[in-house]
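Next comes data_33.txt, a file with compact mmCIF, C-alpha atoms and all ligand atoms.
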# COMPACT_ATOMS: atom_id res chain seq x y z
CA MET A 174 0.00 0.00 0.00
CA THR A 175 1.32 3.50 -0.78
CA MET A 176 1.88 5.97 2.06
CA ASN A 177 -0.90 8.09 0.68
CA ALA A 178 -3.41 5.23 0.85
CA THR A 179 -2.28 4.30 4.35
CA ARG A 180 -2.74 7.89 5.50
CA LEU A 181 -6.21 8.08 3.96
CA LEU A 182 -7.31 4.86 5.60
CA ARG A 183 -5.93 6.00 8.98
CA ARG A 184 -7.57 9.38 8.67
CA SER A 185 -10.96 7.90 7.85
CA ARG A 186 -10.61 5.60 10.85
CA ALA A 187 -9.81 8.50 13.16
CA GLU A 188 -12.72 10.53 11.79
CA SER A 189 -15.13 7.63 12.20
CA ALA A 190 -13.96 7.05 15.76
CA SER A 191 -14.45 10.69 16.71
CA SER A 192 -17.89 10.88 15.07
CA GLY A 193 -18.88 7.73 16.96
CA SER A 194 -21.07 6.48 14.11
CA PRO A 195 -19.17 4.26 11.76
CA GLY A 196 -22.26 2.96 9.98
CA GLY A 197 -24.30 6.08 9.52
CA THR A 198 -22.60 7.87 6.66
CA ALA A 199 -23.83 5.99 3.61
CA GLY A 200 -23.19 7.96 0.45
CA ALA A 201 -21.55 10.94 2.17
CA HIS A 202 -19.05 11.35 -0.68
CA ARG A 203 -21.70 12.15 -3.26
CA PRO A 204 -25.25 13.50 -3.45
CA ASP A 205 -28.23 11.22 -3.08
CA PRO A 206 -28.71 9.53 -6.47
CA GLY A 207 -32.50 9.48 -6.13
CA PRO A 208 -35.07 6.72 -5.95
CA PRO A 209 -34.41 3.09 -6.89
CA PRO A 210 -34.46 2.63 -10.67
CA GLY A 211 -36.80 0.50 -12.72
CA VAL A 212 -35.35 -1.64 -15.51
CA ARG A 213 -36.96 -2.61 -18.81
CA VAL A 214 -35.26 -5.30 -20.87
CA ARG A 215 -36.71 -5.56 -24.37
CA ASP A 216 -36.07 -8.33 -26.91
CA LEU A 217 -32.56 -8.90 -25.63
CA THR A 218 -30.53 -11.38 -27.66
CA VAL A 219 -26.97 -12.34 -26.71
CA VAL A 220 -24.94 -14.75 -28.82
CA TYR A 221 -21.67 -16.60 -28.27
CA LYS A 222 -19.33 -17.49 -31.08
CA THR A 223 -18.96 -21.29 -31.22
CA PRO A 224 -17.54 -23.75 -33.76
CA LEU A 225 -21.15 -24.08 -35.00
CA GLY A 226 -21.44 -20.32 -35.54
CA GLU A 227 -23.00 -17.65 -33.33
CA LEU A 228 -25.60 -19.23 -31.04
CA PRO A 229 -28.01 -17.43 -28.70
CA ALA A 230 -27.48 -17.83 -24.93
CA VAL A 231 -30.24 -15.26 -24.37
CA GLY A 232 -32.95 -15.35 -27.03
CA GLY A 233 -35.28 -12.35 -27.24
CA VAL A 234 -35.81 -11.83 -23.51
CA SER A 235 -38.18 -9.11 -22.33
CA LEU A 236 -38.38 -8.45 -18.61
CA THR A 237 -39.52 -5.53 -16.48
CA ILE A 238 -37.93 -5.07 -13.07
CA ALA A 239 -40.03 -2.84 -10.83
CA PRO A 240 -38.21 -0.16 -8.81
CA GLY A 241 -37.43 -1.12 -5.24
CA THR A 242 -38.08 -4.84 -5.68
CA ILE A 243 -35.81 -7.84 -5.27
CA THR A 244 -36.22 -9.89 -8.43
CA GLY A 245 -34.76 -13.37 -8.63
CA ILE A 246 -33.65 -15.16 -11.76
CA VAL A 247 -33.67 -18.93 -11.39
CA GLY A 248 -32.96 -21.75 -13.79
CA GLU A 249 -30.60 -24.67 -14.25
CA SER A 250 -26.95 -24.21 -15.11
CA GLY A 251 -26.53 -22.87 -18.64
CA SER A 252 -30.01 -21.31 -18.86
CA GLY A 253 -28.50 -17.87 -19.51
CA LYS A 254 -28.83 -16.22 -16.09
CA SER A 255 -25.31 -14.80 -15.88
CA THR A 256 -25.34 -13.72 -19.51
CA LEU A 257 -28.57 -11.80 -18.90
CA ALA A 258 -27.12 -10.20 -15.75
CA LEU A 259 -23.92 -9.15 -17.55
CA SER A 260 -26.05 -7.60 -20.30
CA LEU A 261 -27.66 -5.29 -17.73
CA LEU A 262 -24.18 -3.82 -17.24
CA ASN A 263 -23.40 -3.98 -20.97
CA ALA A 264 -20.50 -6.18 -19.88
CA VAL A 265 -20.79 -9.23 -22.15
CA GLN A 266 -17.27 -10.15 -23.26
CA PRO A 267 -16.09 -11.88 -26.45
CA PRO A 268 -16.74 -14.52 -27.64
CA GLY A 269 -20.12 -13.17 -26.52
CA ARG A 270 -21.92 -10.29 -28.20
CA ILE A 271 -25.19 -8.48 -27.56
CA ALA A 272 -26.91 -8.98 -30.88
CA GLY A 273 -30.11 -7.02 -30.29
CA GLY A 274 -32.58 -5.44 -27.91
CA SER A 275 -32.39 -2.75 -25.26
CA VAL A 276 -31.89 -2.42 -21.51
CA GLU A 277 -33.48 0.78 -20.23
CA VAL A 278 -32.49 1.73 -16.68
CA ASP A 279 -34.21 4.75 -15.11
CA GLY A 280 -31.77 7.64 -15.01
CA LEU A 281 -29.36 6.04 -17.48
CA GLY A 282 -31.38 5.33 -20.62
CA ASP A 283 -30.45 2.35 -22.77
CA VAL A 284 -27.36 0.87 -21.12
CA LEU A 285 -26.53 -0.97 -24.35
CA ARG A 286 -25.91 2.41 -26.01
CA LEU A 287 -23.39 3.53 -23.38
CA ALA A 288 -19.68 3.17 -24.08
CA GLY A 289 -16.30 4.37 -22.79
CA ASP A 290 -16.30 6.65 -19.76
CA GLU A 291 -20.08 6.94 -19.69
CA LEU A 292 -20.39 3.18 -19.34
CA ARG A 293 -17.58 2.95 -16.80
CA HIS A 294 -19.22 5.59 -14.65
CA ALA A 295 -22.62 3.94 -14.92
CA ARG A 296 -21.08 0.73 -13.61
CA GLY A 297 -20.22 1.31 -10.02
CA ARG A 298 -22.02 4.61 -9.57
CA ARG A 299 -25.43 3.38 -10.74
CA LEU A 300 -25.07 -0.35 -11.37
CA GLY A 301 -23.38 -2.50 -8.74
CA TYR A 302 -22.37 -6.07 -9.54
CA VAL A 303 -21.53 -8.72 -6.96
CA PHE A 304 -19.69 -11.69 -8.40
CA GLN A 305 -20.32 -15.31 -7.54
CA ALA A 306 -19.17 -16.19 -4.02
CA ALA A 307 -17.12 -19.04 -5.38
CA GLN A 308 -15.05 -16.68 -7.50
CA ASN A 309 -12.18 -14.71 -6.09
CA SER A 310 -13.18 -11.38 -7.46
CA LEU A 311 -10.94 -9.40 -5.10
CA ASN A 312 -7.39 -8.47 -6.01
CA PRO A 313 -5.21 -10.85 -3.95
CA LEU A 314 -2.29 -8.41 -3.90
CA LYS A 315 -4.07 -5.39 -2.41
CA THR A 316 -5.82 -4.78 0.89
CA VAL A 317 -9.57 -4.22 0.73
CA GLY A 318 -9.03 -0.58 1.74
CA LYS A 319 -6.61 -0.02 -1.12
CA GLN A 320 -9.16 -1.51 -3.50
CA VAL A 321 -11.80 0.91 -2.19
CA LEU A 322 -9.43 3.80 -2.87
CA ASP A 323 -8.63 2.49 -6.37
CA LEU A 324 -12.35 2.25 -7.05
CA GLY A 325 -12.91 5.80 -5.81
CA ARG A 326 -10.05 7.21 -7.87
CA SER A 327 -11.12 5.40 -11.02
CA HIS A 328 -14.57 6.94 -10.60
CA GLY A 329 -13.26 10.43 -9.87
CA VAL A 330 -14.48 10.55 -6.25
CA ASP A 331 -13.12 13.76 -4.67
CA ASP A 332 -13.72 12.94 -1.04
CA LEU A 333 -11.80 9.70 -0.65
CA PRO A 334 -11.81 9.72 3.17
CA ALA A 335 -15.62 9.90 3.06
CA LEU A 336 -15.64 7.00 0.63
CA VAL A 337 -13.49 4.91 2.96
CA ARG A 338 -15.76 5.85 5.85
CA ASP A 339 -18.74 4.66 3.83
CA ALA A 340 -16.94 1.42 3.03
CA ARG A 341 -16.21 0.89 6.69
CA GLY A 342 -19.77 1.78 7.66
CA LEU A 343 -21.17 -0.71 5.17
CA LEU A 344 -18.86 -3.46 6.42
CA GLU A 345 -19.85 -2.75 10.01
CA ARG A 346 -23.49 -2.69 8.98
CA MET A 347 -22.91 -6.22 7.73
CA GLY A 348 -21.50 -7.33 11.08
CA LEU A 349 -17.78 -7.08 10.31
CA ASP A 350 -14.93 -5.22 11.97
CA GLY A 351 -14.71 -2.60 9.22
CA ALA A 352 -11.26 -1.26 10.08
CA ARG A 353 -9.77 -4.73 10.24
CA VAL A 354 -11.34 -5.84 6.98
CA LEU A 355 -10.11 -2.70 5.19
CA ASP A 356 -6.59 -3.60 6.34
CA SER A 357 -6.93 -7.22 5.19
CA HIS A 358 -5.99 -9.08 2.03
CA GLN A 359 -8.37 -11.53 0.40
CA HIS A 360 -6.62 -14.59 1.87
CA GLU A 361 -7.20 -13.28 5.39
CA LEU A 362 -10.98 -13.33 4.93
CA SER A 363 -13.47 -16.21 5.04
CA GLY A 364 -15.88 -16.88 2.15
CA GLY A 365 -18.74 -15.14 3.95
CA MET A 366 -16.55 -12.12 4.74
CA ARG A 367 -15.37 -11.90 1.15
CA GLN A 368 -18.94 -11.98 -0.04
CA ARG A 369 -19.79 -9.08 2.25
CA VAL A 370 -16.77 -7.20 0.91
CA GLY A 371 -18.13 -7.87 -2.60
CA ILE A 372 -21.48 -6.38 -1.61
CA MET A 373 -19.72 -3.37 -0.06
CA LEU A 374 -17.64 -2.77 -3.21
CA ALA A 375 -20.77 -2.98 -5.36
CA LEU A 376 -22.65 -0.45 -3.22
CA VAL A 377 -20.03 1.93 -1.87
CA LEU A 378 -20.27 4.30 -4.85
CA ASN A 379 -24.01 4.49 -4.15
CA ALA A 380 -25.22 2.21 -6.94
CA ARG A 381 -28.98 1.86 -6.75
CA LEU A 382 -29.31 -1.17 -8.99
CA ALA A 383 -27.57 -4.12 -7.34
CA ILE A 384 -26.98 -7.25 -9.37
CA LEU A 385 -25.93 -10.27 -7.33
CA ASP A 386 -24.73 -13.36 -9.15
CA GLU A 387 -25.16 -16.45 -6.95
CA PRO A 388 -24.29 -14.52 -3.77
CA THR A 389 -24.49 -17.55 -1.50
CA THR A 390 -23.08 -20.35 -3.62
CA ALA A 391 -20.25 -22.22 -1.88
CA LEU A 392 -21.14 -20.80 1.55
CA ASP A 393 -22.22 -22.97 4.49
CA MET A 394 -25.88 -22.85 5.53
CA ILE A 395 -25.44 -20.44 8.45
CA THR A 396 -23.28 -18.00 6.47
CA GLN A 397 -25.75 -18.30 3.60
CA ALA A 398 -28.63 -17.31 5.89
CA THR A 399 -26.59 -14.36 7.22
CA ILE A 400 -25.78 -13.11 3.70
CA LEU A 401 -29.44 -13.40 2.65
CA ARG A 402 -30.55 -11.42 5.68
CA ILE A 403 -27.94 -8.78 4.90
CA VAL A 404 -29.04 -8.59 1.27
CA ARG A 405 -32.63 -7.97 2.38
CA GLU A 406 -31.68 -5.38 5.00
CA VAL A 407 -29.22 -3.46 2.85
CA HIS A 408 -31.69 -3.52 -0.06
CA LYS A 409 -34.29 -1.89 2.16
CA GLU A 410 -32.06 0.58 3.96
CA ARG A 411 -30.33 1.90 0.85
CA GLY A 412 -33.46 1.94 -1.30
CA LEU A 413 -32.18 -0.41 -3.99
CA THR A 414 -33.59 -2.28 -6.93
CA THR A 415 -31.97 -5.69 -6.65
CA LEU A 416 -31.58 -8.49 -9.14
CA MET A 417 -30.42 -11.78 -7.71
CA ILE A 418 -29.32 -14.73 -9.77
CA THR A 419 -29.49 -18.13 -8.20
CA HIS A 420 -29.94 -21.74 -9.19
CA ASP A 421 -31.38 -22.38 -5.72
CA ILE A 422 -35.16 -21.95 -5.64
CA GLY A 423 -35.12 -22.11 -1.84
CA VAL A 424 -32.86 -19.04 -1.75
CA ALA A 425 -35.12 -17.25 -4.24
CA ALA A 426 -38.19 -18.13 -2.14
CA GLU A 427 -36.59 -16.64 0.93
CA VAL A 428 -35.42 -13.33 -0.47
CA THR A 429 -37.18 -12.26 -3.65
CA ASP A 430 -40.43 -10.37 -4.28
CA ARG A 431 -40.59 -11.39 -7.92
CA LEU A 432 -39.16 -14.32 -9.77
CA ALA A 433 -38.18 -14.92 -13.40
CA VAL A 434 -37.63 -18.54 -14.41
CA MET A 435 -35.15 -19.03 -17.27
CA TYR A 436 -34.76 -21.99 -19.57
CA GLY A 437 -32.66 -22.22 -22.72
CA GLY A 438 -32.08 -18.45 -22.81
CA ARG A 439 -35.78 -17.58 -22.43
CA VAL A 440 -37.79 -16.27 -19.50
CA VAL A 441 -40.54 -18.90 -19.38
CA GLU A 442 -42.41 -17.60 -16.33
CA HIS A 443 -42.27 -14.33 -14.42
CA GLY A 444 -44.34 -12.84 -11.64
CA PRO A 445 -44.66 -12.44 -7.88
CA THR A 446 -42.48 -15.06 -6.19
CA MET A 447 -45.39 -16.41 -4.14
CA ASP A 448 -47.46 -16.98 -7.29
CA VAL A 449 -44.61 -18.48 -9.34
CA LEU A 450 -43.69 -20.94 -6.59
CA GLY A 451 -47.16 -21.42 -5.09
CA ALA A 452 -49.03 -21.92 -8.36
CA PRO A 453 -46.43 -22.56 -11.07
CA ALA A 454 -48.00 -22.46 -14.53
CA HIS A 455 -45.13 -23.37 -16.87
CA PRO A 456 -44.32 -27.11 -17.00
CA TYR A 457 -40.63 -26.28 -16.47
CA THR A 458 -41.35 -24.31 -13.27
CA GLN A 459 -43.61 -27.15 -12.11
CA GLY A 460 -40.81 -29.66 -12.75
CA LEU A 461 -38.23 -27.53 -10.93
CA ILE A 462 -40.45 -27.27 -7.87
CA ARG A 463 -41.35 -30.97 -7.89
CA ALA A 464 -37.63 -31.74 -7.78
CA ILE A 465 -37.16 -29.92 -4.44
CA PRO A 466 -38.32 -31.93 -1.42
CA ARG A 467 -38.71 -28.99 0.96
CA LEU A 468 -40.87 -27.11 -1.57
CA SER A 469 -42.85 -30.02 -2.96
CA GLY A 470 -43.87 -30.79 0.64
CA ASP A 471 -43.36 -34.55 0.54
CA PRO A 472 -39.76 -35.82 0.28
CA ALA A 473 -41.02 -39.13 -1.10
CA GLN A 474 -42.74 -37.27 -3.95
CA ALA A 475 -39.72 -35.18 -4.98
CA ARG A 476 -38.80 -36.13 -8.53
CA ALA A 477 -35.83 -35.00 -10.56
CA LEU A 478 -36.72 -33.27 -13.80
CA PRO A 479 -36.19 -35.86 -16.55
CA GLY A 480 -33.63 -35.14 -19.29
CA ARG A 481 -30.90 -32.52 -19.39
CA PRO A 482 -30.96 -28.80 -20.03
CA PRO A 483 -29.88 -27.83 -23.54
CA THR A 484 -26.44 -26.50 -24.41
CA LEU A 485 -25.98 -23.81 -27.04
CA GLY A 486 -25.31 -26.60 -29.56
CA THR A 487 -28.44 -28.62 -28.73
CA LEU A 488 -30.85 -25.71 -28.35
CA PRO A 489 -33.60 -26.05 -30.99
CA ALA A 490 -33.39 -23.26 -33.57
CA ARG A 491 -37.17 -22.87 -33.64
CA GLY A 492 -40.22 -23.73 -31.61
CA CYS A 493 -40.26 -24.11 -27.84
CA VAL A 494 -36.83 -24.67 -26.28
CA PHE A 495 -38.34 -26.81 -23.48
CA ARG A 496 -40.29 -29.23 -25.66
CA GLU A 497 -37.81 -32.14 -25.42
CA ARG A 498 -38.47 -32.41 -21.69
CA CYS A 499 -42.06 -31.24 -21.63
CA PRO A 500 -44.97 -33.45 -20.52
CA LEU A 501 -47.44 -31.11 -22.26
CA ARG A 502 -45.67 -31.07 -25.66
CA MET A 503 -47.96 -30.26 -28.62
CA GLU A 504 -47.38 -30.16 -32.36
CA ILE A 505 -47.10 -26.39 -32.49
CA CYS A 506 -44.19 -26.54 -29.99
CA GLU A 507 -41.98 -27.98 -32.79
CA THR A 508 -42.26 -24.93 -34.98
CA THR A 509 -43.45 -21.86 -33.13
CA GLU A 510 -41.95 -19.93 -30.25
CA PRO A 511 -44.57 -19.86 -27.45
CA PRO A 512 -46.37 -16.54 -26.95
CA ARG A 513 -46.22 -14.84 -23.57
CA VAL A 514 -49.63 -15.04 -21.95
CA ALA A 515 -50.89 -13.43 -18.77
CA VAL A 516 -51.91 -15.85 -16.02
CA GLU A 517 -53.23 -13.73 -13.19
CA GLU A 518 -50.25 -11.55 -12.20
CA LYS A 519 -47.70 -13.66 -14.08
CA THR A 520 -46.54 -13.98 -17.66
CA VAL A 521 -45.98 -17.47 -18.96
CA ALA A 522 -44.46 -18.52 -22.30
CA CYS A 523 -46.11 -21.86 -23.12
CA HIS A 524 -48.40 -23.10 -25.92
CA ALA A 525 -50.20 -25.54 -23.61
CA VAL A 526 -50.92 -22.81 -21.06
CA ALA A 527 -52.10 -20.48 -23.85
CA ALA A 528 -54.34 -23.21 -25.29
CA GLY A 529 -55.77 -23.97 -21.83
CA ARG A 530 -56.68 -20.33 -21.36
CA GLU A 531 -58.35 -20.16 -24.77
CA GLU A 532 -60.43 -23.24 -23.96
CA ARG A 533 -61.56 -21.76 -20.67
CA ALA A 534 -62.38 -18.37 -22.26
N1 LIG A 601 -17.67 -17.52 -23.02
C1 LIG A 601 -18.56 -18.37 -23.52
N2 LIG A 601 -18.34 -18.98 -24.71
C2 LIG A 601 -19.26 -19.84 -25.23
N3 LIG A 601 -20.43 -20.15 -24.63
C3 LIG A 601 -20.69 -19.57 -23.45
C4 LIG A 601 -19.79 -18.66 -22.83
N4 LIG A 601 -20.33 -18.25 -21.65
C5 LIG A 601 -21.52 -18.88 -21.54
N5 LIG A 601 -21.73 -19.67 -22.62
C6 LIG A 601 -22.90 -20.51 -22.86
O1 LIG A 601 -24.06 -19.69 -22.81
C7 LIG A 601 -25.12 -20.40 -22.15
C8 LIG A 601 -25.61 -19.58 -20.99
O2 LIG A 601 -24.56 -19.50 -20.03
P1 LIG A 601 -24.71 -18.68 -18.65
O3 LIG A 601 -23.41 -18.76 -17.93
O4 LIG A 601 -25.27 -17.35 -18.95
O5 LIG A 601 -25.81 -19.57 -17.91
P2 LIG A 601 -26.14 -19.61 -16.35
O6 LIG A 601 -27.60 -19.90 -16.27
O7 LIG A 601 -25.66 -18.39 -15.69
O8 LIG A 601 -25.32 -20.86 -15.89
P3 LIG A 601 -24.53 -21.10 -14.50
O9 LIG A 601 -25.59 -21.20 -13.43
O10 LIG A 601 -23.83 -22.39 -14.73
O11 LIG A 601 -23.60 -19.93 -14.31
C9 LIG A 601 -24.58 -21.77 -21.76
O12 LIG A 601 -24.96 -22.71 -22.74
C10 LIG A 601 -23.09 -21.55 -21.75
O13 LIG A 601 -22.38 -22.75 -22.07

Target encoding structure tokens, full file:
Amino acid sequence: MTMNATRLLRRSRAESASSGSPGGTAGAHRPDPGPPPGVRVRDLTVVYKTPLGELPAVGGVSLTIAPGTITGIVGESGSGKSTLALSLLNAVQPPGRIAGGSVEVDGLGDVLRLAGDELRHARGRRLGYVFQAAQNSLNPLKTVGKQVLDLGRSHGVDDLPALVRDARGLLERMGLDGARVLDSHQHELSGGMRQRVGIMLALVLNARLAILDEPTTALDMITQATILRIVREVHKERGLTTLMITHDIGVAAEVTDRLAVMYGGRVVEHGPTMDVLGAPAHPYTQGLIRAIPRLSGDPAQARALPGRPPTLGTLPARGCVFRERCPLRMEICETTEPPRVAVEEKTVACHAVAAGREERA
């Protein structure tokens, strides 16, 4: 650490100690960025270059995320959750490419049209991203405090001591010894501590849209419960709009207000979490829930979803991407992408559900 950084960290510690309120200075280094933003994803298509050509990992997804909500995205591995999340930051890397659509974030406009400094500033200051717990997203060579300062400098923050105070306040808010963590390197922190540092780094510049990618994967049950509680509390206290990616429906049930279920790069069902899990309409959502003993209610009845999720190479080019595993498969599923139909407060993309509604009408 440079002398300058050490001095800044010491100074912020001394100031916090004399103010007596380490946790109460959220966002002191910049003005209040306003209410939580809404997000509107329209017809988003993201492709990856493969030996078979460019194939879609996200195929024409439309999704509205209401301001101030915690929205979960669930689905099996490879369903496109992370690719969708990265698109919200316009951060898809080669061999991936955003091939079409828009991502409107309140206060920012279409994120897919931002580039260069504008994009860099939007990330961090408006859009905070927390990487998967299993990944070591921290720089192993620098203390956490130094990384906070680097982040502040790269975003042109004038009041770096205030930024460090905010970082410390956030860490303490999450039950950590803020000063100690700021002085620590990654290897000195447990998985749960690192995850809290990730949340702090995503929020310390006052981002109001928080995107968390599998925030509790690879953590033990107790630490997982702590992180979920923290996510809920920080979401509420800081007035965030939060998007949380998880393959664990139990985690989604515990934390989210709304839930989007992804399969083969499509959102197949979306609505209030209670409705999606309590009265699943899409056969894929039904299968997912049946496979979880604690949600299906009867461990003896829990049944694994038959078959395997598609890869980019096996994804059908037309028709319904779920049809190979679907108990309700119809002829039209071979050729035509299912329409999105409203089922009470949800939207569901399924021919069988659409046909059922027509019959009842
Ligand atoms: N860099 C890449 N090159 C080629 N294909 C990729 C790349 N990254 C992802 N994919 C493919 O895109 C699809 C969607 O992947 P993505 O990681 O978005 O899914 P996911 O639902 O987040 O999965 P997981 O839960 O395993 O992270 C998968 O078929 C995956 O193999």

Which residues are near ligand LIG 601 (chain A) - at most 9 Å, using all atoms listed in the file? Format: as an NGL selection string.
:A and (219-223 or 228-231 or 246-259 or 265-269 or 305 or 386-387 or 418-420 or 435-438 or 482-486 or 488)

Residue among A:Ile238, A:Ala433, A:Ile395, A:Val214 lying closest to Asn263 (chain A), counting all atoms listed in the file
A:Val214

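Candidate residues A:Val354, A:Met394, A:Val434, A:Ala272 were compared for distance to Thr218 (chain A), and the nearest is A:Ala272, using all atoms listed in the file.
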
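Taking all atoms listed in the file into account, Val278 (chain A) lies nearest to A:Leu382 out of the set A:Leu382, A:Ala490, A:Leu343, A:Leu314.
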
Contacts of region 458-463 of chain A at 12 Å (all atoms listed in the file; same-chain gap of 4+ positions) as a PyMOL selection string:
chain A and resi 247-249+420-423+425-426+432-436+440-444+446+448-454+467-480+482+495+498-501+521-523

For a quick check of understanding, using all atoms listed in the file, which of A:Arg341, A:Lys319, A:Arg381, A:His328 has the smallest distance to Gly412 (chain A)?
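Among the listed residues, the smallest separation from Gly412 (chain A) belongs to A:Arg381.
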
Just the number, please: distance in Å from CA of Asp430 (chain A) to CA of Leu374 (chain A), one decimal.
24.0 Å

Once you add 4 Å to each side, what are the centre and edge lengths of the axis-aligned box holding all listed atoms of region 427-430 of chain A? One decimal in Å, as lines of an AutoDock Vina configuration file, if you can.
center_x = -37.9
center_y = -13.5
center_z = -1.7
size_x = 13.0
size_y = 14.3
size_z = 13.2

From the list A:Leu333, A:Met373, A:Leu362, A:Leu292, which residue is nearest Phe304 (chain A) when using only C-alpha atoms?
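Closest to Phe304 (chain A) of all the choices is A:Met373.
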
Pick the closest to Gly351 (chain A) from A:Gly318, A:Gly226, A:Gly364, A:Pro334: which is it, counting all atoms listed in the file?
A:Gly318

For CA of Thr389 (chain A) and CA of Arg270 (chain A), quote the distance in Å rounded to one decimal.
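About the pair CA of Thr389 (chain A) and CA of Arg270 (chain A): they are 27.8 Å apart.
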
What separates CA of Gly280 (chain A) and CA of Pro209 (chain A) is a distance of 9.7 Å
